[in-house]
Each structure stands twice: as structure tokens, then as C-alpha cells.
$ cat structure20.cif   # mmCIF, C-alpha atoms
data_entry
loop_
_atom_site.label_atom_id
_atom_site.label_comp_id
_atom_site.auth_asym_id
_atom_site.auth_seq_id
_atom_site.Cartn_x
_atom_site.Cartn_y
_atom_site.Cartn_z
CA MET A 260 30.09 -169.66 -47.94
CA GLY A 261 33.09 -171.46 -46.59
CA GLY A 262 31.61 -174.78 -47.54
CA LEU A 263 31.00 -173.53 -51.01
CA SER A 264 34.46 -172.16 -51.64
CA ASP A 265 36.14 -175.24 -50.23
CA GLY A 266 33.91 -177.39 -52.33
CA VAL A 267 34.58 -175.38 -55.47
CA ARG A 268 38.31 -175.71 -54.97
CA ALA A 269 38.09 -179.37 -54.08
CA GLY A 270 35.48 -179.96 -56.72
CA GLU A 271 37.87 -181.23 -59.34
CA ASP A 272 37.51 -184.80 -58.21
CA SER A 273 33.76 -184.44 -57.81
CA ARG A 274 31.28 -184.93 -60.56
CA THR A 275 30.73 -181.73 -62.44
CA ILE A 276 27.37 -180.59 -63.70
CA HIS A 277 26.07 -182.61 -66.56
CA ARG A 278 24.12 -180.24 -68.68
CA MET A 279 21.39 -181.70 -70.79
CA GLN A 280 22.24 -182.43 -74.37
CA PRO A 281 20.07 -180.54 -76.85
CA ASP A 282 16.51 -181.58 -76.22
CA GLU A 283 16.13 -183.49 -79.48
CA ASP A 284 16.90 -186.82 -77.84
CA ILE A 285 14.54 -186.18 -74.96
CA GLU A 286 11.82 -185.17 -77.35
CA ARG A 287 12.33 -188.20 -79.53
CA LEU A 288 12.21 -190.42 -76.44
CA MET A 289 9.14 -188.62 -75.19
CA ALA A 290 7.34 -189.16 -78.52
CA ARG A 291 8.17 -192.88 -78.36
CA TYR A 292 7.08 -192.99 -74.71
CA GLN A 293 3.70 -191.59 -75.80
CA GLN A 294 3.50 -194.41 -78.32
CA GLY A 295 3.91 -196.94 -75.50
CA ASP A 296 7.58 -197.83 -76.00
CA PHE A 297 8.92 -199.10 -72.65
CA ALA A 298 12.57 -198.89 -73.71
CA ALA A 299 12.07 -195.20 -74.52
CA ALA A 300 10.31 -194.67 -71.19
CA SER A 301 13.21 -196.28 -69.30
CA ALA A 302 15.78 -194.26 -71.25
CA LEU A 303 13.81 -191.11 -70.54
CA ILE A 304 13.67 -191.91 -66.82
CA ASP A 305 17.45 -192.44 -66.76
CA ARG A 306 18.04 -189.30 -68.73
CA VAL A 307 15.75 -186.79 -67.03
CA SER A 308 15.64 -188.10 -63.44
CA PRO A 309 19.07 -186.78 -62.37
CA GLN A 310 18.02 -183.28 -63.39
CA LEU A 311 14.68 -183.52 -61.63
CA PHE A 312 16.30 -185.05 -58.55
CA ARG A 313 18.73 -182.18 -58.37
CA PHE A 314 15.85 -179.76 -58.78
CA PHE A 315 14.20 -181.25 -55.69
CA ALA A 316 17.36 -181.83 -53.68
CA ALA A 317 18.89 -178.41 -54.25
CA GLN A 318 15.69 -176.56 -53.52
CA THR A 319 14.51 -177.66 -50.15
CA PHE A 320 14.24 -181.28 -49.44
CA SER A 321 16.27 -184.05 -47.89
CA ARG A 322 17.52 -186.90 -50.05
CA PRO A 323 14.68 -189.29 -49.11
CA ASP A 324 12.20 -186.49 -49.79
CA ALA A 325 13.82 -185.86 -53.17
CA ASP A 326 13.55 -189.58 -53.95
CA ASP A 327 9.85 -189.62 -53.02
CA LEU A 328 9.17 -186.48 -55.01
CA LEU A 329 10.96 -187.89 -58.02
CA GLN A 330 8.78 -191.00 -57.92
CA GLU A 331 5.65 -188.93 -57.43
CA THR A 332 6.66 -186.71 -60.35
CA TRP A 333 7.14 -189.66 -62.67
CA LEU A 334 3.78 -191.12 -61.73
CA ARG A 335 2.19 -187.77 -62.56
CA ILE A 336 4.22 -187.47 -65.76
CA HIS A 337 2.99 -190.93 -66.72
CA LYS A 338 -0.60 -189.99 -66.01
CA VAL A 339 -0.52 -186.77 -68.04
CA ARG A 340 2.00 -187.75 -70.72
CA HIS A 341 -0.57 -187.02 -73.41
CA THR A 342 -0.42 -183.29 -72.53
CA TRP A 343 3.03 -182.98 -74.10
CA ARG A 344 2.79 -182.21 -77.79
CA PRO A 345 5.39 -183.63 -80.19
CA GLY A 346 7.48 -180.80 -81.56
CA GLU A 347 7.29 -178.78 -78.37
CA PRO A 348 10.32 -178.54 -76.02
CA ALA A 349 10.03 -181.31 -73.42
CA LEU A 350 12.17 -179.90 -70.60
CA PRO A 351 9.81 -177.04 -69.65
CA TRP A 352 7.00 -179.59 -69.60
CA PHE A 353 8.94 -181.87 -67.22
CA TYR A 354 9.95 -179.01 -64.97
CA ALA A 355 6.42 -177.56 -64.89
CA ILE A 356 5.12 -180.88 -63.54
CA ALA A 357 8.03 -181.27 -61.13
CA ARG A 358 7.42 -177.77 -59.85
CA HIS A 359 3.74 -178.54 -59.31
CA ILE A 360 4.64 -181.65 -57.30
CA ARG A 361 7.20 -179.71 -55.25
CA VAL A 362 4.75 -176.93 -54.38
CA ASP A 363 2.10 -179.50 -53.51
CA HIS A 364 4.52 -181.37 -51.27
CA TYR A 365 5.60 -178.16 -49.60
CA ARG A 366 2.01 -177.18 -48.85
CA LYS A 367 1.22 -180.62 -47.50
CA SER A 368 4.29 -180.77 -45.28
CA LEU A 369 3.70 -177.29 -43.93
CA ARG A 370 0.09 -178.08 -43.18
CA THR A 371 1.07 -181.21 -41.36
CA ALA A 372 3.86 -179.59 -39.39
CA THR A 373 2.67 -176.16 -38.52
CA GLY A 374 -0.90 -175.64 -39.59
CA GLU A 375 -2.44 -173.03 -41.78
CA ARG A 376 -1.42 -169.96 -39.78
CA LYS A 377 2.25 -170.71 -39.99
CA LEU A 378 1.94 -171.40 -43.71
CA GLU A 379 0.90 -167.81 -44.32
CA ALA A 380 3.58 -166.37 -42.06
CA MET A 381 6.35 -168.44 -43.60
CA ALA A 382 5.23 -167.85 -47.14
CA ALA A 383 5.37 -164.13 -46.48
CA SER A 384 8.85 -164.20 -45.03
CA SER A 385 10.83 -166.88 -46.85
CA PRO A 386 9.04 -169.45 -48.95
CA LEU A 387 10.85 -172.73 -49.35
CA ALA A 388 13.72 -171.86 -47.06
CA PRO A 389 16.78 -173.76 -48.24
CA GLN A 390 17.89 -176.88 -46.48
CA PRO A 391 20.48 -178.42 -48.76
CA ALA A 392 20.03 -182.11 -49.22
CA ASP A 393 23.67 -182.85 -48.82
CA GLN A 394 26.59 -180.90 -47.45
CA ALA A 395 28.41 -181.82 -50.65
CA ASP A 396 25.91 -179.93 -52.71
CA GLN A 397 27.81 -176.75 -53.24
CA ILE A 398 25.29 -175.30 -55.62
CA ALA A 399 22.64 -175.47 -52.94
CA ALA A 400 25.00 -173.58 -50.63
CA LEU A 401 25.71 -170.99 -53.29
CA LEU A 402 22.03 -170.51 -54.05
CA ALA A 403 20.97 -170.47 -50.41
CA PRO A 404 20.70 -166.66 -50.06
CA LEU A 405 18.28 -166.50 -52.97
CA SER A 406 14.52 -166.65 -52.73
CA ALA A 407 12.80 -169.85 -53.86
CA GLY A 408 11.74 -168.29 -57.16
CA GLU A 409 15.20 -166.89 -57.92
CA ARG A 410 16.87 -170.17 -57.00
CA GLU A 411 14.49 -172.14 -59.17
CA VAL A 412 14.96 -169.89 -62.19
CA LEU A 413 18.75 -169.87 -61.87
CA GLU A 414 18.82 -173.65 -61.51
CA MET A 415 16.85 -174.12 -64.71
CA LEU A 416 18.71 -171.47 -66.66
CA LYS A 417 22.31 -172.01 -65.61
CA ILE A 418 22.37 -175.61 -64.51
CA ALA A 419 19.74 -177.41 -66.57
CA GLY A 420 20.76 -175.23 -69.53
CA MET A 421 17.26 -174.15 -70.45
CA SER A 422 16.54 -171.01 -72.46
CA LEU A 423 14.68 -167.99 -71.05
CA GLU A 424 11.59 -169.02 -73.02
CA GLU A 425 11.75 -172.56 -71.67
CA VAL A 426 12.15 -171.35 -68.08
CA ALA A 427 9.18 -169.02 -68.61
CA GLY A 428 7.17 -172.02 -69.80
CA ALA A 429 8.23 -174.22 -66.89
CA THR A 430 7.39 -171.56 -64.32
CA SER A 431 4.19 -170.37 -66.04
CA SER A 432 5.51 -166.84 -66.16
CA SER A 433 6.65 -164.33 -68.73
CA VAL A 434 10.19 -163.99 -70.10
CA GLY A 435 10.35 -160.51 -68.53
CA SER A 436 9.59 -161.91 -65.11
CA VAL A 437 12.28 -164.60 -65.53
CA LYS A 438 14.83 -161.96 -66.56
CA GLN A 439 13.93 -159.87 -63.54
CA LYS A 440 14.42 -162.83 -61.19
CA VAL A 441 17.78 -163.67 -62.77
CA HIS A 442 18.89 -160.07 -62.44
CA ARG A 443 17.97 -160.02 -58.75
CA ALA A 444 19.64 -163.39 -58.21
CA TYR A 445 22.91 -162.20 -59.76
CA LYS A 446 22.81 -159.06 -57.67
CA LYS A 447 22.49 -161.11 -54.48
CA LEU A 448 25.11 -163.64 -55.55
CA ARG A 449 27.55 -160.88 -56.49
CA ARG A 450 27.11 -159.32 -53.06
CA THR A 451 27.49 -162.65 -51.25
CA LEU A 452 30.53 -163.74 -53.24
CA SER A 453 32.20 -160.35 -52.91
CA LEU A 454 31.78 -160.51 -49.14
CA ALA A 455 33.23 -164.01 -49.14
CA GLN A 456 36.18 -162.83 -51.23
CA LYS A 457 36.82 -159.88 -48.93
CA GLY A 458 36.84 -162.29 -46.05
CA GLY A 459 39.48 -164.30 -47.91
CA ARG A 460 37.26 -167.30 -48.11
CA LEU A 461 37.00 -167.69 -51.87
CA MET B 222 32.61 -159.85 -59.71
CA LYS B 223 31.26 -160.35 -63.24
CA GLU B 224 28.29 -162.47 -64.26
CA SER B 225 30.65 -164.77 -66.15
CA ASP B 226 32.56 -165.41 -62.89
CA ILE B 227 29.32 -166.39 -61.18
CA ASP B 228 28.40 -168.61 -64.15
CA GLY B 229 31.82 -170.23 -63.85
CA ILE B 230 31.30 -170.98 -60.17
CA LEU B 231 27.82 -172.36 -60.83
CA GLN B 232 29.02 -174.57 -63.65
CA SER B 233 32.13 -175.88 -61.97
CA ALA B 234 30.59 -176.60 -58.57
CA PRO B 235 30.21 -180.27 -57.72
CA VAL B 236 26.73 -181.70 -57.69
CA PRO B 237 25.27 -184.23 -55.28
CA GLU B 238 24.81 -187.80 -56.33
CA GLY B 239 21.79 -188.40 -58.50
CA PRO B 240 18.88 -190.66 -57.61
CA ARG B 241 19.64 -194.24 -56.59
CA SER B 242 19.42 -196.78 -59.40
CA GLU B 243 16.84 -198.72 -57.35
CA THR B 244 14.65 -195.60 -57.38
CA LEU B 245 14.88 -195.38 -61.16
CA GLN B 246 14.14 -199.07 -61.50
CA SER B 247 11.12 -198.84 -59.24
CA ILE B 248 9.81 -195.88 -61.27
CA ALA B 249 10.22 -197.83 -64.51
CA ALA B 250 8.50 -200.85 -62.96
CA ALA B 251 5.64 -198.71 -61.67
CA ILE B 252 4.79 -197.30 -65.08
CA ARG B 253 5.35 -200.48 -67.05
CA GLY B 254 1.99 -202.05 -66.20
CA SER B 255 -0.03 -199.12 -67.49
CA LEU B 256 2.14 -198.20 -70.46
CA ARG B 257 0.10 -197.96 -73.63
CA PRO B 258 -0.05 -195.53 -76.53
CA VAL B 259 -1.73 -192.22 -75.79
CA ARG B 260 -3.12 -189.59 -78.12
CA PRO B 261 -1.47 -186.21 -77.57
CA LEU B 262 -3.67 -183.18 -76.95
CA PRO B 263 -4.80 -181.33 -80.08
CA ALA B 264 -2.86 -178.21 -81.09
CA PRO B 265 -3.45 -175.24 -78.77
CA TRP B 266 -4.93 -173.15 -81.61
CA LEU B 267 -7.50 -175.88 -82.24
CA LEU B 268 -8.45 -176.00 -78.55
CA THR B 269 -8.69 -172.21 -78.50
CA ALA B 270 -10.89 -172.24 -81.61
CA GLY B 271 -13.09 -174.90 -80.01
CA LEU B 272 -13.50 -172.82 -76.86
CA VAL B 273 -14.32 -169.67 -78.83
CA PHE B 274 -16.83 -171.59 -80.95
CA VAL B 275 -18.56 -173.09 -77.90
CA SER B 276 -18.64 -169.70 -76.15
CA ALA B 277 -20.07 -167.90 -79.20
CA THR B 278 -22.64 -170.66 -79.72
CA ILE B 279 -23.90 -170.45 -76.14
CA ALA B 280 -24.13 -166.64 -76.24
CA LEU B 281 -25.92 -166.59 -79.60
CA ALA B 282 -28.26 -169.47 -78.73
CA ALA B 283 -29.25 -167.82 -75.45
CA ALA B 284 -29.81 -164.46 -77.15
CA ALA B 285 -31.79 -166.13 -79.95
CA HIS B 286 -34.03 -167.65 -77.30
CA ALA B 287 -34.45 -164.43 -75.31
CA GLY B 288 -34.34 -162.00 -78.24
CA PHE B 289 -31.63 -159.77 -79.75
CA ASP B 290 -33.37 -156.67 -78.37
CA GLY B 291 -30.24 -155.10 -76.89
CA ILE B 292 -28.05 -155.19 -79.97
CA GLU B 293 -30.95 -154.06 -82.16
CA LYS B 294 -31.38 -150.95 -79.99
CA MET B 295 -27.68 -150.03 -80.20
CA ALA B 296 -26.16 -147.66 -82.72
CA PRO B 297 -23.60 -149.27 -85.05
CA TRP B 298 -20.67 -147.52 -83.32
CA GLU B 299 -21.93 -148.78 -79.95
CA ARG B 300 -22.08 -152.33 -81.31
CA ALA B 301 -18.50 -152.02 -82.53
CA LEU B 302 -17.28 -150.45 -79.28
CA ILE B 303 -18.79 -153.26 -77.19
CA PHE B 304 -18.69 -156.43 -79.26
CA ILE B 305 -15.23 -156.08 -80.81
CA PRO B 306 -13.42 -155.92 -77.44
CA LEU B 307 -15.79 -158.55 -76.03
CA GLY B 308 -14.88 -160.94 -78.86
CA ALA B 309 -11.18 -160.12 -78.61
CA PHE B 310 -11.15 -160.74 -74.86
CA ALA B 311 -13.00 -164.03 -75.36
CA VAL B 312 -10.20 -165.17 -77.71
CA VAL B 313 -7.51 -164.04 -75.24
CA ALA B 314 -9.32 -165.73 -72.32
CA ALA B 315 -9.67 -168.95 -74.33
CA LYS B 316 -5.94 -168.84 -75.18
CA THR B 317 -5.03 -168.22 -71.55
CA PHE B 318 -7.23 -171.08 -70.37
CA VAL B 319 -5.64 -173.44 -72.93
CA ARG B 320 -2.17 -172.40 -71.77
CA THR B 321 -3.01 -173.06 -68.13
CA MET B 322 -4.11 -176.59 -69.07
CA ILE B 323 -0.89 -177.53 -70.90
CA PRO B 324 2.16 -177.85 -68.62
CA GLY B 325 5.19 -175.89 -69.77
CA SER B 326 3.20 -173.43 -71.87
CA ARG B 327 4.54 -169.91 -71.93
CA ARG B 328 2.17 -167.43 -70.43
CA ARG B 329 1.98 -163.95 -71.82
CA LEU B 330 -0.79 -162.81 -69.49
CA SER B 331 -1.60 -164.21 -66.07
CA ALA B 332 -5.18 -165.23 -65.36
CA GLY B 333 -5.50 -162.46 -62.77
CA ALA B 334 -4.16 -159.82 -65.15
CA LEU B 335 -6.54 -161.08 -67.84
CA LEU B 336 -9.52 -160.67 -65.52
CA ALA B 337 -8.45 -157.18 -64.48
CA LEU B 338 -7.78 -156.14 -68.08
CA CYS B 339 -11.15 -157.46 -69.30
CA THR B 340 -13.09 -155.82 -66.48
CA LEU B 341 -11.41 -152.43 -66.75
CA SER B 342 -11.49 -152.30 -70.56
CA LEU B 343 -15.16 -153.26 -70.68
CA LEU B 344 -15.95 -150.67 -68.02
CA GLY B 345 -14.26 -148.10 -70.27
CA ALA B 346 -16.20 -149.26 -73.34
CA PHE B 347 -19.49 -149.15 -71.43
CA ALA B 348 -18.74 -145.73 -69.98
CA LEU B 349 -18.19 -144.40 -73.50
CA SER B 350 -21.27 -146.12 -74.95
CA PHE B 351 -23.98 -145.55 -72.37
CA ARG B 352 -24.76 -141.97 -71.42
CA ASP B 353 -28.18 -142.35 -69.77
CA TYR B 354 -27.46 -141.49 -66.16
CA GLN B 355 -30.95 -142.16 -64.79
CA ILE B 356 -31.28 -144.83 -62.13
CA ASP B 357 -34.56 -146.78 -62.15
CA HIS B 358 -35.05 -150.05 -60.30
CA PHE B 359 -31.30 -150.20 -59.87
CA VAL B 360 -31.14 -153.21 -57.58
CA SER B 361 -34.12 -155.26 -58.79
CA ALA B 362 -33.38 -154.88 -62.52
CA GLY B 363 -29.64 -155.16 -61.94
CA PHE B 364 -29.84 -158.27 -59.83
CA ALA B 365 -32.00 -159.97 -62.48
CA CYS B 366 -29.37 -159.18 -65.14
CA LEU B 367 -26.54 -160.39 -62.87
CA VAL B 368 -28.29 -163.70 -62.25
CA THR B 369 -29.10 -164.09 -65.97
CA GLY B 370 -25.47 -163.45 -66.89
CA LEU B 371 -24.14 -165.89 -64.30
CA LEU B 372 -26.69 -168.54 -65.28
CA HIS B 373 -25.40 -168.38 -68.85
CA ALA B 374 -21.79 -168.28 -67.71
CA PHE B 375 -22.27 -171.53 -65.81
CA PRO B 376 -22.87 -173.84 -68.82
CA ALA B 377 -20.15 -171.99 -70.74
CA GLY B 378 -17.67 -172.70 -67.94
CA LEU B 379 -18.74 -176.32 -67.70
CA LEU B 380 -18.41 -176.86 -71.45
CA ALA B 381 -15.03 -175.12 -71.53
CA TRP B 382 -13.81 -177.39 -68.73
CA PHE B 383 -15.23 -180.42 -70.54
CA LEU B 384 -13.46 -179.44 -73.75
CA LEU B 385 -10.11 -179.28 -71.95
CA ARG B 386 -10.75 -182.16 -69.56
CA ARG B 387 -7.71 -184.04 -70.90
CA GLY B 388 -5.40 -181.18 -70.00
CA PHE B 389 -3.48 -180.87 -66.76
CA ALA B 390 -3.44 -177.63 -64.80
CA VAL B 391 -0.21 -177.17 -62.86
CA ASN B 392 -1.96 -174.20 -61.25
CA ALA B 393 -5.60 -175.19 -60.83
CA ILE B 394 -6.69 -171.84 -59.42
CA ALA B 395 -5.24 -169.92 -62.38
CA ALA B 396 -6.98 -172.36 -64.73
CA GLY B 397 -10.27 -171.89 -62.85
CA LEU B 398 -9.88 -168.13 -62.97
CA ALA B 399 -9.23 -168.16 -66.74
CA ALA B 400 -12.16 -170.52 -67.39
CA GLY B 401 -14.41 -168.40 -65.17
CA THR B 402 -13.36 -165.23 -66.98
CA LEU B 403 -14.16 -166.79 -70.36
CA ALA B 404 -17.51 -167.99 -69.04
CA GLY B 405 -18.19 -164.53 -67.59
CA LEU B 406 -17.56 -162.98 -70.99
CA VAL B 407 -20.18 -165.35 -72.43
CA GLY B 408 -22.66 -164.27 -69.73
CA LEU B 409 -21.89 -160.61 -70.43
CA GLY B 410 -22.28 -161.23 -74.17
CA VAL B 411 -25.77 -162.61 -73.60
CA LEU B 412 -26.71 -159.53 -71.56
CA GLU B 413 -25.35 -157.12 -74.18
CA LEU B 414 -27.22 -158.93 -76.95
CA HIS B 415 -30.50 -159.03 -75.04
CA CYS B 416 -30.80 -156.37 -72.34
CA VAL B 417 -32.45 -153.11 -73.39
CA ASN B 418 -31.72 -151.27 -70.16
CA PHE B 419 -29.08 -148.79 -71.32
CA GLN B 420 -28.77 -146.85 -68.08
CA ALA B 421 -25.07 -146.31 -67.48
CA ALA B 422 -25.14 -147.30 -63.81
CA HIS B 423 -27.03 -150.51 -64.59
CA VAL B 424 -24.62 -151.64 -67.28
CA LEU B 425 -21.45 -150.49 -65.51
CA VAL B 426 -22.31 -152.18 -62.23
CA TRP B 427 -24.49 -155.19 -62.90
CA HIS B 428 -23.45 -156.26 -66.40
CA THR B 429 -19.74 -155.80 -65.82
CA ALA B 430 -19.92 -157.59 -62.46
CA VAL B 431 -20.71 -160.84 -64.27
CA VAL B 432 -17.09 -161.14 -65.46
CA PRO B 433 -15.22 -160.80 -62.14
CA LEU B 434 -17.87 -162.78 -60.27
CA SER B 435 -17.71 -165.60 -62.78
CA GLY B 436 -13.90 -165.53 -62.63
CA ALA B 437 -14.00 -165.69 -58.85
CA LEU B 438 -16.50 -168.56 -58.98
CA GLY B 439 -14.25 -170.43 -61.42
CA ALA B 440 -11.23 -169.99 -59.16
CA THR B 441 -13.29 -171.04 -56.11
CA CYS B 442 -14.54 -174.18 -57.86
CA ALA B 443 -10.94 -175.05 -58.83
CA ALA B 444 -9.72 -174.46 -55.27
CA VAL B 445 -12.52 -176.63 -53.85
CA GLY B 446 -11.77 -179.35 -56.40
CA GLN B 447 -8.10 -179.24 -55.46
CA TRP B 448 -8.95 -179.45 -51.76
CA ILE B 449 -11.24 -182.45 -52.35
CA ARG B 450 -8.54 -184.20 -54.41
CA ARG B 451 -6.03 -183.62 -51.60
CA LEU B 452 -8.43 -184.99 -49.02
CA ALA B 453 -9.01 -188.04 -51.21
CA THR B 454 -5.29 -188.73 -51.56
CA ARG B 455 -4.54 -188.36 -47.84
#

$ encode --input "structure20.cif" --output "C-alpha cells"
Amino acid sequence: MGGLSDGVRAGEDSRTIHRMQPDEDIERLMARYQQGDFAAASALIDRVSPQLFRFFAAQTFSRPDADDLLQETWLRIHKVRHTWRPGEPALPWFYAIARHIRVDHYRKSLRTATGERKLEAMAASSPLAPQPADQADQIAALLAPLSAGEREVLEMLKIAGMSLEEVAGATSSSVGSVKQKVHRAYKKLRRTLSLAQKGGRL
Amino acid sequence: MKESDIDGILQSAPVPEGPRSETLQSIAAAIRGSLRPVRPLPAPWLLTAGLVFVSATIALAAAAHAGFDGIEKMAPWERALIFIPLGAFAVVAAKTFVRTMIPGSRRRLSAGALLALCTLSLLGAFALSFRDYQIDHFVSAGFACLVTGLLHAFPAGLLAWFLLRRGFAVNAIAAGLAAGTLAGLVGLGVLELHCVNFQAAHVLVWHTAVVPLSGALGATCAAVGQWIRRLATR
């Protein structure tokens, strides 16, 4: 937690989190993207990619991995762009696809590295163990004690600024399940931060 | 420490640099060549209605071919006790399947929970309706019904998949399970419309088994499809 607290204090000169603007713009761009407007597609890529990149980087992967996953996600988004319906929130749709790509990548990399037996053992103990992409990523350090599911939900809710309903959509779960994960995540974070404070590190 | 303090830390923490501009440019360049207008998927309610229509058509057509002997033999209250939940579960299964095929859709019921709920509720309805506890030709008659149910579930599953072929399942196994459950309900519907064997054990075991077996087959097909796609992209 030392890295986190130092980073939080020294974070004033760093970039702070850029929450998404209300989704209207994204949805308008998405509708134009579906109509074949390249300018809208480019604007959408510029607008959504930082969020998706952070989603990959903060979860598990190294920066090059996050870059690859971002590209793979956009290719998939492009292929299935007709599955978004105008009038629906776009962010849960983007995150649902990004999540699918991330899980797929995780399975592939595990299979390559350790084989099927280790996949089961690791999934049972700590799925998607955190390996922050960058030491400067203080959020990754803060979220490190959380499980993959808790980290993912908190990222979407508190950092991407999505609503409970949108997070439920992105994670294909119910609002109740999202609330439960957030509750558990806060409990763990409170414990971790309190310990850090007692140790005089925050 | 309060939740607002944690929120404050989360929101004030620095973030890593975003993706490189070259990455964004290469993404834009990659999609440019194939960028053309696309037609969005129809509204979910329309897809659900389509699935329910196809399912009902298959069940009724099959029963019309084989005969409506089963439903004719039932008392009106038995018909209500069996076909109302069967129809309701078919609608819920169709809705669940549609949701699994549209990324970002909120899910009220997981595909696994849907299958469990359908199976248990139908077991309850059958237990209340059929009180003949004799057991004649349990395996031979039962196996014939199971095969008949699954044979009718198969085209229902295929047509359901065809109807939603433009969708994208972020969780293929859940989608397969939901499609299989819907198809299983069609198979069970055919059996309830046609089969005149009202022995409780026969209906509870062999008729009901069509739903979980069809669900499992749907999930297996989806898993195999996923595995083949992965092999192809290696």
C-alpha cells in the first residue's frame, strides 16, 4: 500500500481519472458508426479506448497485452456493431465485449503457460491475479486485494462512472449480485486502508 | 474509514497513460476498409416473440402430426396446471436466450437458474397432476418418449439459433444452455400434447428429463463450437 499512498499524495501532478461524460455522445457516435460514418468511428475509438485500455491494464495485463487486447476488442466491436441497439446505453455493451475478450485471452494464456490442470487450480484460488500494468497505476495497487469480479465491478462503477444497472448489463449479472460484490469490495478496501493508516503509511 | 473516503481515494488516484496514439490509429485504419452501414438487431421483444412463435409452431405441428391424444385425455385443470407454466417458461427461456445474445443486456435470471427453475417447477406440476403410481414398461416406454422429446427439441434449438444468428454471445455456454432449455420445453410440450401414458413415474422421469438433457446438449454444442472456433483462430 505504500506505493498507493505515495502515489495518491504525489498524484496532484498526475493525470486524474477522466470519467466518461454522459453517454449521449457515445451513443450518438455509435449510431453514426453503425451507419458507416468513419469520422464517428474514429471519434468513438478516441473516446472509449482510454477507458477500455484502463480496464485491461488495471485488471491483469502488461501494457503490450493491454494494447493487443484493445485492438482485439475493437475488431470484435466492429464485427458485432449491429448488436448494439440505438437508444440503449452503449457503455455496458462496450464493456461486455471487452470483458469477453479479456476472459478469452486469460484462458488462452493460461492454457499456453500452464495447461488445463493449473487453470482449474488457479481459477479456484485467485482468478485473474493482479499484476498492475504500471507501477504508476495506483488504482491497480489499491484494487489489488480484491477478487477479479470485485475489482471489475468497482472499476466500472467508481471509475468508469457506470450505474448499477449498466454494470449488471456489462457483467451479465443481476443488480443484486453487483451490489453484493461492491459491498464485499468496500469491506476489503476498508480493512486494507485502515491497516495502512495504522501503519502510518496513508 | 467511510465509503466516501474510499471513493475519494479511488477518484483522486492517478491513472496510467492511455493507449498509444499509434494504437488508436492502427485500430481506425483496420476498421476503415470494412466500414459500411449495418442494420441493428430487431428489438428484444420482437426476437422473443419470434422465438416463442417458432417454438409453439414446432410443438403444435408435431402434435398435429402425431395426434393430440395426451391433451384430450387430460382434465381441464390438468391442462391448465401443465400448459400454463410450460408456456410461461417458454417465454422466460426465449427472453433469457435473447439477452444472452445481445452484449450488455441485463440478466434477471441466469441460464442455469432458468433450467433449474423450469425442471423443478414442472416436476411439481406433474407430481400434482399425475396420480397413477403404476409402473409398466418403465424403461422401454420412457426411453421412446425421451427420444421423441429430444428429436423435437433438436429442430427447435436449431431454428432458435438461426433466428438469433446475428447476435453475439459473450458467454456462449450460457447462450447454449438457454437455447437448449427453450428447445427442451418444446420437446416436453410435444410429449404432453401427445403422450397418453399418465403414469406418474413415467412423466416425472422421462418427460421431465427432456428439459435438462436438452439444456445440457445445448451447452455442450456451444462449448464444442467455441473450442472449434478457438482452434481455428490459433

$ closest_residue --input "structure20.cif" --among "A:Ala429, A:Leu416, A:Ala455, A:Ala444" --to "chain B" --atoms "all atoms listed in the file"
A:Ala429

$ resolve_selection --input "structure20.cif" --expression "the PyMOL selection byres ((chain B and resi 431-438) around 8)" --output "PDB file with C-alpha atoms, in the frame of the given file"
ATOM      1  CA  LEU B 336      -9.520-160.670 -65.520  1.00  0.00           C
ATOM      2  CA  CYS B 339     -11.150-157.460 -69.300  1.00  0.00           C
ATOM      3  CA  THR B 340     -13.090-155.820 -66.480  1.00  0.00           C
ATOM      4  CA  LEU B 367     -26.540-160.390 -62.870  1.00  0.00           C
ATOM      5  CA  GLY B 370     -25.470-163.450 -66.890  1.00  0.00           C
ATOM      6  CA  LEU B 371     -24.140-165.890 -64.300  1.00  0.00           C
ATOM      7  CA  ALA B 374     -21.790-168.280 -67.710  1.00  0.00           C
ATOM      8  CA  GLY B 397     -10.270-171.890 -62.850  1.00  0.00           C
ATOM      9  CA  LEU B 398      -9.880-168.130 -62.970  1.00  0.00           C
ATOM     10  CA  ALA B 399      -9.230-168.160 -66.740  1.00  0.00           C
ATOM     11  CA  ALA B 400     -12.160-170.520 -67.390  1.00  0.00           C
ATOM     12  CA  GLY B 401     -14.410-168.400 -65.170  1.00  0.00           C
ATOM     13  CA  THR B 402     -13.360-165.230 -66.980  1.00  0.00           C
ATOM     14  CA  LEU B 403     -14.160-166.790 -70.360  1.00  0.00           C
ATOM     15  CA  ALA B 404     -17.510-167.990 -69.040  1.00  0.00           C
ATOM     16  CA  GLY B 405     -18.190-164.530 -67.590  1.00  0.00           C
ATOM     17  CA  LEU B 406     -17.560-162.980 -70.990  1.00  0.00           C
ATOM     18  CA  GLY B 408     -22.660-164.270 -69.730  1.00  0.00           C
ATOM     19  CA  LEU B 409     -21.890-160.610 -70.430  1.00  0.00           C
ATOM     20  CA  TRP B 427     -24.490-155.190 -62.900  1.00  0.00           C
ATOM     21  CA  HIS B 428     -23.450-156.260 -66.400  1.00  0.00           C
ATOM     22  CA  THR B 429     -19.740-155.800 -65.820  1.00  0.00           C
ATOM     23  CA  ALA B 430     -19.920-157.590 -62.460  1.00  0.00           C
ATOM     24  CA  GLY B 439     -14.250-170.430 -61.420  1.00  0.00           C
ATOM     25  CA  ALA B 440     -11.230-169.990 -59.160  1.00  0.00           C
ATOM     26  CA  THR B 441     -13.290-171.040 -56.110  1.00  0.00           C
ATOM     27  CA  CYS B 442     -14.540-174.180 -57.860  1.00  0.00           C
TER      28      CYS B 442
END

$ residues_around --input "structure20.cif" --residues "range 347-363 of chain A" --least-positions-apart "5" --cutoff "9 Å" --atoms "only C-alpha atoms" --output "ChimeraX atom specification"
/A:282-283,285-286,289,307,311,314-315,328-329,331-333,335-336,342,368,387,415,419,421,424-431 /B:323-326,391-392

$ residues_around --input "structure20.cif" --residues "Gly271 in chain B" --least-positions-apart "5" --cutoff "9 Å" --atoms "all atoms listed in the file" --output "CSV table (one decimal) with C-alpha atoms, in the frame of the given file"
chain,number,residue,atom,x,y,z
B,266,TRP,CA,-4.9,-173.2,-81.6
B,276,SER,CA,-18.6,-169.7,-76.2
B,315,ALA,CA,-9.7,-169.0,-74.3
B,381,ALA,CA,-15.0,-175.1,-71.5
B,384,LEU,CA,-13.5,-179.4,-73.8

$ axis_aligned_box --input "structure20.cif" --around "range 392-399 of chain B" --padding-each-side "8 Å" --output "lines of an AutoDock Vina configuration file"
center_x = -6.1
center_y = -171.7
center_z = -63.1
size_x = 24.3
size_y = 23.1
size_z = 23.3

$ closest_residue --input "structure20.cif" --among "B:Lys294, B:Arg387, B:His286, B:Lys316" --to "chain A" --atoms "all atoms listed in the file"
B:Arg387
